[in-house]
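One file, data-v1.pdb, is given below (PDB, C-alpha atoms).
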ATOM      1  CA  MET A 659       0.000   0.000   0.000
ATOM      2  CA  MET A 660       1.291   3.461  -0.898
ATOM      3  CA  ILE A 661       1.521   6.283   1.670
ATOM      4  CA  LYS A 662      -1.152   8.219  -0.214
ATOM      5  CA  ASP A 663      -3.512   5.220   0.104
ATOM      6  CA  ILE A 664      -3.001   5.154   3.881
ATOM      7  CA  GLN A 665      -3.539   8.911   4.025
ATOM      8  CA  GLU A 666      -6.801   8.609   2.081
ATOM      9  CA  LYS A 667      -8.070   5.941   4.501
ATOM     10  CA  ILE A 668      -7.182   8.190   7.438
ATOM     11  CA  LEU A 669      -8.951  11.203   5.920
ATOM     12  CA  LYS A 670     -12.076   9.108   5.321
ATOM     13  CA  LEU A 671     -12.110   7.557   8.806
ATOM     14  CA  LYS A 672     -11.468  10.773  10.727
ATOM     15  CA  LYS A 673     -14.418  12.394   8.959
ATOM     16  CA  GLU A 674     -16.696   9.426   9.654
ATOM     17  CA  LYS A 675     -15.703   9.296  13.342
ATOM     18  CA  ASN A 676     -15.511  13.070  13.877
ATOM     19  CA  ILE A 677     -11.887  12.815  14.990
ATOM     20  CA  CYS A 678      -9.488  15.754  15.034
ATOM     21  CA  ILE A 679      -5.854  14.878  14.294
ATOM     22  CA  LEU A 680      -3.107  17.004  15.847
ATOM     23  CA  ALA A 681       0.497  16.780  14.690
ATOM     24  CA  HIS A 682       3.421  18.363  16.472
ATOM     25  CA  CYS A 683       5.978  19.982  14.166
ATOM     26  CA  TYR A 684       8.505  17.226  14.912
ATOM     27  CA  GLN A 685       6.318  14.577  13.284
ATOM     28  CA  THR A 686       7.135  13.321   9.784
ATOM     29  CA  HIS A 687       5.721  15.211   6.823
ATOM     30  CA  ASP A 688       3.296  12.457   5.790
ATOM     31  CA  ILE A 689       1.596  12.856   9.194
ATOM     32  CA  LEU A 690       1.521  16.647   8.957
ATOM     33  CA  GLU A 691      -0.293  16.304   5.625
ATOM     34  CA  ILE A 692      -3.292  14.496   7.177
ATOM     35  CA  ALA A 693      -3.477  16.581  10.368
ATOM     36  CA  ASP A 694      -6.221  19.098  11.064
ATOM     37  CA  PHE A 695      -3.734  21.237  12.974
ATOM     38  CA  THR A 696       0.063  21.338  13.184
ATOM     39  CA  GLY A 697       2.292  23.360  15.493
ATOM     40  CA  ASP A 698       3.649  23.451  19.044
ATOM     41  CA  SER A 699       2.088  21.367  21.809
ATOM     42  CA  PHE A 700      -0.001  23.898  23.729
ATOM     43  CA  GLY A 701      -1.298  25.615  20.608
ATOM     44  CA  LEU A 702      -2.492  22.245  19.350
ATOM     45  CA  ALA A 703      -4.357  21.527  22.587
ATOM     46  CA  GLN A 704      -6.058  24.911  22.330
ATOM     47  CA  LYS A 705      -7.108  24.262  18.734
ATOM     48  CA  ALA A 706      -8.582  20.881  19.672
ATOM     49  CA  ALA A 707     -10.542  22.462  22.523
ATOM     50  CA  GLU A 708     -12.119  24.894  20.077
ATOM     51  CA  THR A 709     -13.438  22.177  17.752
ATOM     52  CA  ASP A 710     -16.697  20.234  18.061
ATOM     53  CA  CYS A 711     -14.971  16.901  17.411
ATOM     54  CA  ASP A 712     -15.763  13.835  19.494
ATOM     55  CA  GLY A 713     -12.192  12.631  19.681
ATOM     56  CA  VAL A 714      -8.614  13.815  19.341
ATOM     57  CA  ILE A 715      -5.543  11.926  18.161
ATOM     58  CA  MET A 716      -2.336  13.574  19.326
ATOM     59  CA  CYS A 717       0.602  12.722  17.106
ATOM     60  CA  GLY A 718       3.308  13.676  19.556
ATOM     61  CA  VAL A 719       4.203  12.495  23.043
ATOM     62  CA  ARG A 720       2.321  11.742  26.237
ATOM     63  CA  PHE A 721       2.459  15.105  28.015
ATOM     64  CA  MET A 722       0.954  16.703  24.892
ATOM     65  CA  ALA A 723      -1.947  14.277  24.914
ATOM     66  CA  GLU A 724      -2.418  14.950  28.628
ATOM     67  CA  THR A 725      -2.617  18.688  27.945
ATOM     68  CA  CYS A 726      -5.317  18.021  25.358
ATOM     69  CA  LYS A 727      -7.309  16.053  27.913
ATOM     70  CA  ILE A 728      -6.874  18.782  30.546
ATOM     71  CA  LEU A 729      -8.373  21.352  28.164
ATOM     72  CA  SER A 730     -10.959  19.010  26.583
ATOM     73  CA  PRO A 731     -12.274  16.659  29.303
ATOM     74  CA  GLU A 732     -15.420  15.902  27.296
ATOM     75  CA  LYS A 733     -13.416  14.560  24.344
ATOM     76  CA  HIS A 734     -11.781  11.178  23.903
ATOM     77  CA  VAL A 735      -8.035  11.813  23.535
ATOM     78  CA  TYR A 736      -5.746   9.172  22.037
ATOM     79  CA  LEU A 737      -1.987   8.685  21.789
ATOM     80  CA  PRO A 738      -1.179   6.428  18.794
ATOM     81  CA  ARG A 739       1.975   5.025  20.408
ATOM     82  CA  PRO A 740       1.602   4.681  24.204
ATOM     83  CA  GLU A 741       5.371   4.463  24.699
ATOM     84  CA  ALA A 742       5.944   7.896  23.122
ATOM     85  CA  GLY A 743       7.180   9.805  26.143
ATOM     86  CA  CYS A 744       9.332  12.864  26.767
ATOM     87  CA  PRO A 745      12.573  12.453  28.750
ATOM     88  CA  MET A 746      12.337  16.058  29.928
ATOM     89  CA  ALA A 747       8.777  15.672  31.198
ATOM     90  CA  GLU A 748       9.786  12.542  33.091
ATOM     91  CA  GLN A 749      12.878  13.968  34.823
ATOM     92  CA  LEU A 750      10.946  14.921  37.956
ATOM     93  CA  ASP A 751       8.273  13.098  39.894
ATOM     94  CA  VAL A 752       5.768  14.471  42.386
ATOM     95  CA  GLU A 753       7.779  13.585  45.500
ATOM     96  CA  GLU A 754      10.942  15.178  44.112
ATOM     97  CA  LEU A 755       9.069  18.363  43.263
ATOM     98  CA  LYS A 756       7.553  18.484  46.762
ATOM     99  CA  LYS A 757      11.083  18.349  48.211
ATOM    100  CA  LEU A 758      12.222  21.123  45.867
ATOM    101  CA  LYS A 759       9.314  23.313  46.912
ATOM    102  CA  GLU A 760      10.326  22.780  50.555
ATOM    103  CA  GLN A 761      13.921  23.650  49.690
ATOM    104  CA  TYR A 762      12.871  26.809  47.844
ATOM    105  CA  LYS A 763      10.198  28.171  50.166
ATOM    106  CA  GLY A 764       9.019  31.583  49.077
ATOM    107  CA  TYR A 765       9.562  30.771  45.390
ATOM    108  CA  LYS A 766       6.691  30.475  42.907
ATOM    109  CA  THR A 767       6.945  27.284  40.862
ATOM    110  CA  VAL A 768       6.825  27.690  37.092
ATOM    111  CA  ALA A 769       6.271  24.581  34.990
ATOM    112  CA  TYR A 770       7.389  24.417  31.389
ATOM    113  CA  ILE A 771       4.563  22.881  29.340
ATOM    114  CA  ASN A 772       6.848  19.842  28.883
ATOM    115  CA  THR A 773       5.797  18.358  32.226
ATOM    116  CA  THR A 774       3.371  15.652  33.274
ATOM    117  CA  ALA A 775      -0.175  16.424  34.405
ATOM    118  CA  GLU A 776       0.756  15.272  37.922
ATOM    119  CA  LEU A 777       3.647  17.739  38.178
ATOM    120  CA  LYS A 778       1.431  20.568  36.965
ATOM    121  CA  THR A 779      -0.833  20.024  39.971
ATOM    122  CA  LEU A 780       1.965  21.365  42.215
ATOM    123  CA  CYS A 781       2.854  24.408  40.108
ATOM    124  CA  ASP A 782       1.721  28.020  40.240
ATOM    125  CA  VAL A 783       1.843  28.765  36.540
ATOM    126  CA  CYS A 784       2.633  26.968  33.296
ATOM    127  CA  VAL A 785       4.614  28.474  30.399
ATOM    128  CA  THR A 786       5.572  27.676  26.832
ATOM    129  CA  SER A 787       8.914  28.540  25.248
ATOM    130  CA  SER A 788       7.274  31.457  23.442
ATOM    131  CA  SER A 789       5.319  32.831  26.423
ATOM    132  CA  ALA A 790       7.713  32.255  29.343
ATOM    133  CA  VAL A 791       9.401  35.670  29.375
ATOM    134  CA  GLU A 792       6.153  37.643  29.161
ATOM    135  CA  ILE A 793       4.380  35.571  31.798
ATOM    136  CA  ILE A 794       7.213  35.506  34.336
ATOM    137  CA  LYS A 795       7.615  39.274  34.004
ATOM    138  CA  LYS A 796       3.928  39.651  34.897
ATOM    139  CA  MET A 797       3.979  37.246  37.844
ATOM    140  CA  ASP A 798       3.496  38.662  41.311
ATOM    141  CA  ALA A 799       6.676  36.986  42.535
ATOM    142  CA  ASP A 800      10.346  37.931  42.810
ATOM    143  CA  LYS A 801      11.654  34.381  43.196
ATOM    144  CA  ILE A 802      11.018  31.680  40.574
ATOM    145  CA  LEU A 803      11.624  27.932  40.726
ATOM    146  CA  PHE A 804      11.667  26.997  37.047
ATOM    147  CA  ILE A 805      11.191  23.320  36.085
ATOM    148  CA  PRO A 806      12.389  21.215  34.404
ATOM    149  CA  ASP A 807      14.574  22.783  31.670
ATOM    150  CA  CYS A 808      17.520  24.742  33.082
ATOM    151  CA  ASN A 809      18.576  25.839  29.576
ATOM    152  CA  LEU A 810      15.225  27.418  28.757
ATOM    153  CA  GLY A 811      15.151  28.761  32.306
ATOM    154  CA  SER A 812      18.541  30.425  31.813
ATOM    155  CA  PHE A 813      17.330  31.934  28.528
ATOM    156  CA  VAL A 814      14.326  33.407  30.331
ATOM    157  CA  ALA A 815      16.329  34.580  33.362
ATOM    158  CA  LYS A 816      18.644  36.676  31.195
ATOM    159  CA  GLN A 817      15.606  38.571  29.911
ATOM    160  CA  VAL A 818      14.070  38.975  33.370
ATOM    161  CA  PRO A 819      17.120  40.089  35.413
ATOM    162  CA  GLU A 820      14.968  41.729  38.064
ATOM    163  CA  LYS A 821      13.894  38.315  39.395
ATOM    164  CA  GLU A 822      15.776  35.532  41.166
ATOM    165  CA  PHE A 823      15.693  32.059  39.599
ATOM    166  CA  ALA A 824      16.358  28.539  40.820
ATOM    167  CA  PHE A 825      16.759  25.615  38.404
ATOM    168  CA  ILE A 826      17.231  21.882  38.424
ATOM    169  CA  LYS A 827      19.638  20.020  36.135
ATOM    170  CA  GLY A 828      16.945  19.036  33.688
ATOM    171  CA  GLY A 829      16.179  19.628  30.063
ATOM    172  CA  CYS A 830      15.760  18.206  26.587
ATOM    173  CA  PRO A 831      18.576  15.729  25.855
ATOM    174  CA  THR A 832      18.108  16.203  22.105
ATOM    175  CA  HIS A 833      18.717  19.961  22.242
ATOM    176  CA  ALA A 834      21.207  19.850  25.127
ATOM    177  CA  ASP A 835      23.530  17.619  23.087
ATOM    178  CA  ILE A 836      24.146  20.400  20.546
ATOM    179  CA  THR A 837      27.606  21.888  21.152
ATOM    180  CA  PRO A 838      29.207  25.266  20.441
ATOM    181  CA  GLU A 839      31.740  23.479  18.243
ATOM    182  CA  GLN A 840      28.932  22.110  16.071
ATOM    183  CA  ALA A 841      27.497  25.603  15.781
ATOM    184  CA  ARG A 842      30.882  27.043  14.806
ATOM    185  CA  LYS A 843      31.405  24.347  12.169
ATOM    186  CA  ALA A 844      27.937  24.908  10.725
ATOM    187  CA  LYS A 845      28.498  28.666  10.544
ATOM    188  CA  ALA A 846      31.894  28.135   8.893
ATOM    189  CA  ALA A 847      30.359  25.761   6.335
ATOM    190  CA  HIS A 848      27.473  28.158   5.603
ATOM    191  CA  PRO A 849      28.799  31.685   6.265
ATOM    192  CA  ASP A 850      25.785  33.410   4.697
ATOM    193  CA  ALA A 851      23.222  31.423   6.696
ATOM    194  CA  LEU A 852      21.368  32.732   9.742
ATOM    195  CA  LEU A 853      21.476  30.507  12.819
ATOM    196  CA  LEU A 854      18.009  29.796  14.258
ATOM    197  CA  LEU A 855      17.911  27.939  17.590
ATOM    198  CA  HIS A 856      15.510  26.611  20.171
ATOM    199  CA  PRO A 857      16.268  27.962  23.686
ATOM    200  CA  GLU A 858      16.312  24.396  25.006
ATOM    201  CA  CYS A 859      19.905  24.439  23.702
ATOM    202  CA  LYS A 860      22.695  25.216  26.155
ATOM    203  CA  PRO A 861      23.220  28.941  26.886
ATOM    204  CA  GLU A 862      26.638  28.991  25.201
ATOM    205  CA  VAL A 863      25.012  27.702  22.001
ATOM    206  CA  THR A 864      21.947  29.939  22.191
ATOM    207  CA  ALA A 865      24.267  32.956  22.567
ATOM    208  CA  MET A 866      25.507  32.309  19.027
ATOM    209  CA  ALA A 867      22.035  32.467  17.457
ATOM    210  CA  ASP A 868      20.665  35.099  15.127
ATOM    211  CA  TYR A 869      17.259  34.097  16.458
ATOM    212  CA  ALA A 870      16.240  31.911  19.413
ATOM    213  CA  GLY A 871      12.635  30.898  19.954
ATOM    214  CA  SER A 872       9.990  28.201  19.908
ATOM    215  CA  THR A 873       9.680  25.748  17.039
ATOM    216  CA  THR A 874       6.835  27.678  15.452
ATOM    217  CA  GLY A 875       8.781  30.866  16.122
ATOM    218  CA  ILE A 876      11.750  29.470  14.187
ATOM    219  CA  MET A 877       9.505  28.451  11.303
ATOM    220  CA  SER A 878       7.791  31.821  11.235
ATOM    221  CA  TYR A 879      11.109  33.681  11.345
ATOM    222  CA  ALA A 880      12.458  31.661   8.402
ATOM    223  CA  ALA A 881       9.264  32.230   6.418
ATOM    224  CA  LYS A 882       9.279  36.007   6.910
ATOM    225  CA  SER A 883      13.010  36.604   6.610
ATOM    226  CA  THR A 884      14.494  37.976   3.396
ATOM    227  CA  ALA A 885      17.559  35.795   3.995
ATOM    228  CA  LYS A 886      17.977  32.773   1.744
ATOM    229  CA  GLU A 887      20.008  30.413   3.942
ATOM    230  CA  PHE A 888      19.397  29.135   7.460
ATOM    231  CA  ILE A 889      21.059  26.769   9.921
ATOM    232  CA  ILE A 890      18.357  25.103  12.016
ATOM    233  CA  GLY A 891      19.213  24.291  15.619
ATOM    234  CA  THR A 892      16.255  22.174  16.611
ATOM    235  CA  GLU A 893      14.811  18.747  15.761
ATOM    236  CA  ASN A 894      15.861  17.939  12.206
ATOM    237  CA  SER A 895      12.341  17.357  10.917
ATOM    238  CA  ILE A 896      12.039  21.153  10.843
ATOM    239  CA  VAL A 897      14.754  21.269   8.179
ATOM    240  CA  GLN A 898      12.619  19.029   5.973
ATOM    241  CA  HIS A 899       9.360  20.885   6.633
ATOM    242  CA  LEU A 900      10.919  24.281   5.905
ATOM    243  CA  SER A 901      12.609  22.988   2.769
ATOM    244  CA  ILE A 902       9.252  21.753   1.437
ATOM    245  CA  GLU A 903       7.387  24.930   2.380
ATOM    246  CA  HIS A 904      10.088  27.291   1.070
ATOM    247  CA  PRO A 905      11.914  25.601  -1.840
ATOM    248  CA  ASP A 906      13.450  28.956  -2.813
ATOM    249  CA  LYS A 907      15.475  28.953   0.430
ATOM    250  CA  MET A 908      18.209  26.666   1.779
ATOM    251  CA  PHE A 909      18.022  24.999   5.202
ATOM    252  CA  TYR A 910      20.853  23.126   6.924
ATOM    253  CA  PRO A 911      20.787  21.029  10.120
ATOM    254  CA  LEU A 912      23.033  22.323  12.886
ATOM    255  CA  SER A 913      23.560  18.761  14.086
ATOM    256  CA  MET A 914      22.828  15.531  12.244
ATOM    257  CA  ASP A 915      22.116  13.967  15.665
ATOM    258  CA  CYS A 916      19.319  16.382  16.635
ATOM    259  CA  TYR A 917      16.703  13.663  16.342
ATOM    260  CA  CYS A 918      13.902  12.973  18.829
ATOM    261  CA  HIS A 919      13.296   9.221  18.924
ATOM    262  CA  ASN A 920      10.120   9.628  20.976
ATOM    263  CA  MET A 921       8.584  11.970  18.428
ATOM    264  CA  LYS A 922       9.616   9.790  15.517
ATOM    265  CA  ILE A 923       8.195   6.572  16.940
ATOM    266  CA  THR A 924       4.725   7.468  15.600
ATOM    267  CA  SER A 925       4.219   6.439  11.968
ATOM    268  CA  ILE A 926       1.421   7.128   9.526
ATOM    269  CA  THR A 927       0.221   3.527   9.963
ATOM    270  CA  ASP A 928       0.050   4.043  13.746
ATOM    271  CA  VAL A 929      -2.373   6.898  13.118
ATOM    272  CA  LEU A 930      -4.473   4.626  10.899
ATOM    273  CA  HIS A 931      -4.502   1.815  13.481
ATOM    274  CA  CYS A 932      -5.509   4.278  16.185
ATOM    275  CA  LEU A 933      -8.426   5.458  14.069
ATOM    276  CA  GLU A 934      -9.424   1.848  13.394
ATOM    277  CA  GLY A 935      -9.338   1.120  17.136
ATOM    278  CA  THR A 936      -6.714  -1.618  16.879
ATOM    279  CA  ASP A 937      -3.892   0.273  18.596
ATOM    280  CA  GLY A 938      -3.141   3.385  20.605
ATOM    281  CA  GLU A 939      -4.136   4.413  24.124
ATOM    282  CA  GLU A 940      -6.945   6.608  25.339
ATOM    283  CA  ILE A 941      -5.632   9.178  27.821
ATOM    284  CA  ILE A 942      -7.487   9.049  31.124
ATOM    285  CA  ILE A 943      -6.787  11.638  33.832
ATOM    286  CA  PRO A 944      -8.604  11.525  37.182
ATOM    287  CA  GLU A 945     -10.857  14.578  37.441
ATOM    288  CA  GLU A 946      -9.192  15.790  40.641
ATOM    289  CA  THR A 947      -5.772  15.686  38.941
ATOM    290  CA  ARG A 948      -7.115  17.360  35.803
ATOM    291  CA  LEU A 949      -8.658  20.241  37.721
ATOM    292  CA  LYS A 950      -5.530  20.818  39.810
ATOM    293  CA  ALA A 951      -3.308  20.684  36.714
ATOM    294  CA  LYS A 952      -5.582  23.118  34.904
ATOM    295  CA  VAL A 953      -5.023  25.788  37.570
ATOM    296  CA  CYS A 954      -1.470  26.575  36.394
ATOM    297  CA  ILE A 955      -2.599  26.525  32.747
ATOM    298  CA  ASP A 956      -5.456  28.933  33.512
ATOM    299  CA  GLU A 957      -2.965  31.209  35.266
ATOM    300  CA  MET A 958      -0.760  31.142  32.156
ATOM    301  CA  LEU A 959      -3.726  32.206  30.026
ATOM    302  CA  ARG A 960      -4.666  34.928  32.511
ATOM    303  CA  LEU A 961      -1.158  36.396  32.510
ATOM    304  CA  GLY A 962      -0.404  35.804  28.846
TER     305      GLY A 962
END
Let me see the structure of the file written as structure tokens.
Amino acid sequence: MMIKDIQEKILKLKKEKNICILAHCYQTHDILEIADFTGDSFGLAQKAAETDCDGVIMCGVRFMAETCKILSPEKHVYLPRPEAGCPMAEQLDVEELKKLKEQYKGYKTVAYINTTAELKTLCDVCVTSSSAVEIIKKMDADKILFIPDCNLGSFVAKQVPEKEFAFIKGGCPTHADITPEQARKAKAAHPDALLLLHPECKPEVTAMADYAGSTTGIMSYAAKSTAKEFIIGTENSIVQHLSIEHPDKMFYPLSMDCYCHNMKITSITDVLHCLEGTDGEEIIIPEETRLKAKVCIDEMLRLG
């Protein structure tokens, strides 16, 4: 069976079953083509909440599907591959966070969206990579415990110097593995290219960027820029997506190893099997947990 045949079956089934398909930007292009919405994780959850669909398939990782369920409790939310997790989201558990909150009394706890629903229940506000600076500036707090990504936290702290920050040694292993030497080599190989990075990279790498921002921010910057060459310092699927969307421009990966295995575990056939009901997992969150987790998301929306 050809990919287009699988895609046609998916398009037919999702219409029949009133299912909305969400695809994070790091998914493969054949999945993006059959999605109702593509983008960053929180934006996708918001889009799903606005639809009148009966069910949602999140082509991404578990914390993203959990966020969908938090915002859309009346909808059935499915993860095509149950083992698709996020190492960053799983770096802390509830008991560890409770100990941190005891250690940093007087600090407000800020959760990056890349956290589990259970961790969000203990946090004061949630942020995305694109909203973190604005929201933390507006918070009625001078001391911030930022979890779990210390690299993103450092990026934010530099732009909010009036506040005191505490971090843990957590973060995205895919982005954290990018080195300054790789950035220097890429810039030497492509001297006319702009360097676009995700702030989950280490501070010494992010400091070399012409632009640092969220995945959708990177894609938007490349689309609007008059420049013709770009080095992309985030998951390498973005190089492919940008190359397809803007064939008049050149895009180069900063690191050949910037590859998220959890994101790539979902295939187009997994989406089909999930729609057919033969595979995938429905995300179930106890109502008490959902409501507590939603508090920090609501506070993000209030401030942002």
Original post:
Restricting the calculation to only C-alpha atoms, which member of A:Met958, A:Ala951, A:Ile661, A:Val783 is positioned closest to Leu729 in chain A?
Top reply: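 Closest candidate: A:Ala951.
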Original post:
How would you write, as number ranges by chain, the residues chosen by the PyMOL selection byres ((chain A and resi 713-722) around 8) on this structure?
Top reply: A: 675-682, 684-685, 689, 699-700, 703, 706, 711-712, 723-726, 733-738, 740, 742-744, 747, 772-775, 920-921, 924, 929, 932
Original post:
So what do you get for CA of Glu939 in chain A versus CA of Glu741 in chain A, distance-wise?
Top reply: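 Value for the CA of Glu939 in chain A-CA of Glu741 in chain A distance: 9.5 Å.
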**OP:** Quick one: residues within 10 Å of (13.8, 21.9, 5.7) (file frame), counting only C-alpha atoms, please, as a list in words.
**Re:**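 Residues satisfying the cut-off, written out: Met877, Phe888, Ile889, Ile890, Asn894, Ser895, Ile896, Val897, Gln898, His899, Leu900, Ser901, Ile902, Glu903, His904, Pro905, Lys907, Met908, Phe909, Tyr910 and Pro911 of chain A.
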Original post:
For the atom pair CA of Ile876 in chain A and CA of Val863 in chain A, what is the interatomic distance in Å to one decimal place?
Top reply: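 Atom-to-atom, CA of Ile876 in chain A and CA of Val863 in chain A are spaced 15.5 Å apart.
Of the listed residues A:Lys796, A:His833, A:Lys778, A:Lys827, the one whose atoms come nearest to Lys950 in chain A is A:Lys778, with distances taken using all atoms listed in the file.
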Original post:
With all atoms listed in the file as the atoms that count, which of A:Glu946, A:Glu858, A:Asp698, A:Asp906 lies nearest to Thr873 in chain A?
Top reply: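 Looking at the shortest contact to Thr873 in chain A, the residue is A:Asp698.
If all atoms listed in the file are the atoms counted, then among A:Pro831, A:Pro857, A:Gly697, A:Gly938 the closest residue to Thr874 in chain A is A:Gly697.
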**OP:** Using CA of Pro819 in chain A and CA of Phe804 in chain A as the two end points, give the distance in Å to one decimal.
**Re:** 14.3 Å
Original post:
Which one of A:Ile923, A:Ala790, A:Leu702, A:Leu912 sits closest to Glu893 in chain A if you count all atoms listed in the file?
Top reply: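 Nearest to Glu893 in chain A: A:Leu912.
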Original post:
Using all atoms listed in the file, which of A:Leu853, A:Ile793, A:Ala693, A:Val768 sits nearest Lys705 in chain A?
Top reply: A:Ala693
**OP:** Could you tell me which residues the PyMOL selection byres ((chain A and resi 866-869) around 12) grabs in this file, written as a VMD selection string?
**Re:** chain A and resid 837 to 842 844 to 845 850 to 857 859 to 865 870 to 873 875 to 880 883 885 888 to 892 912
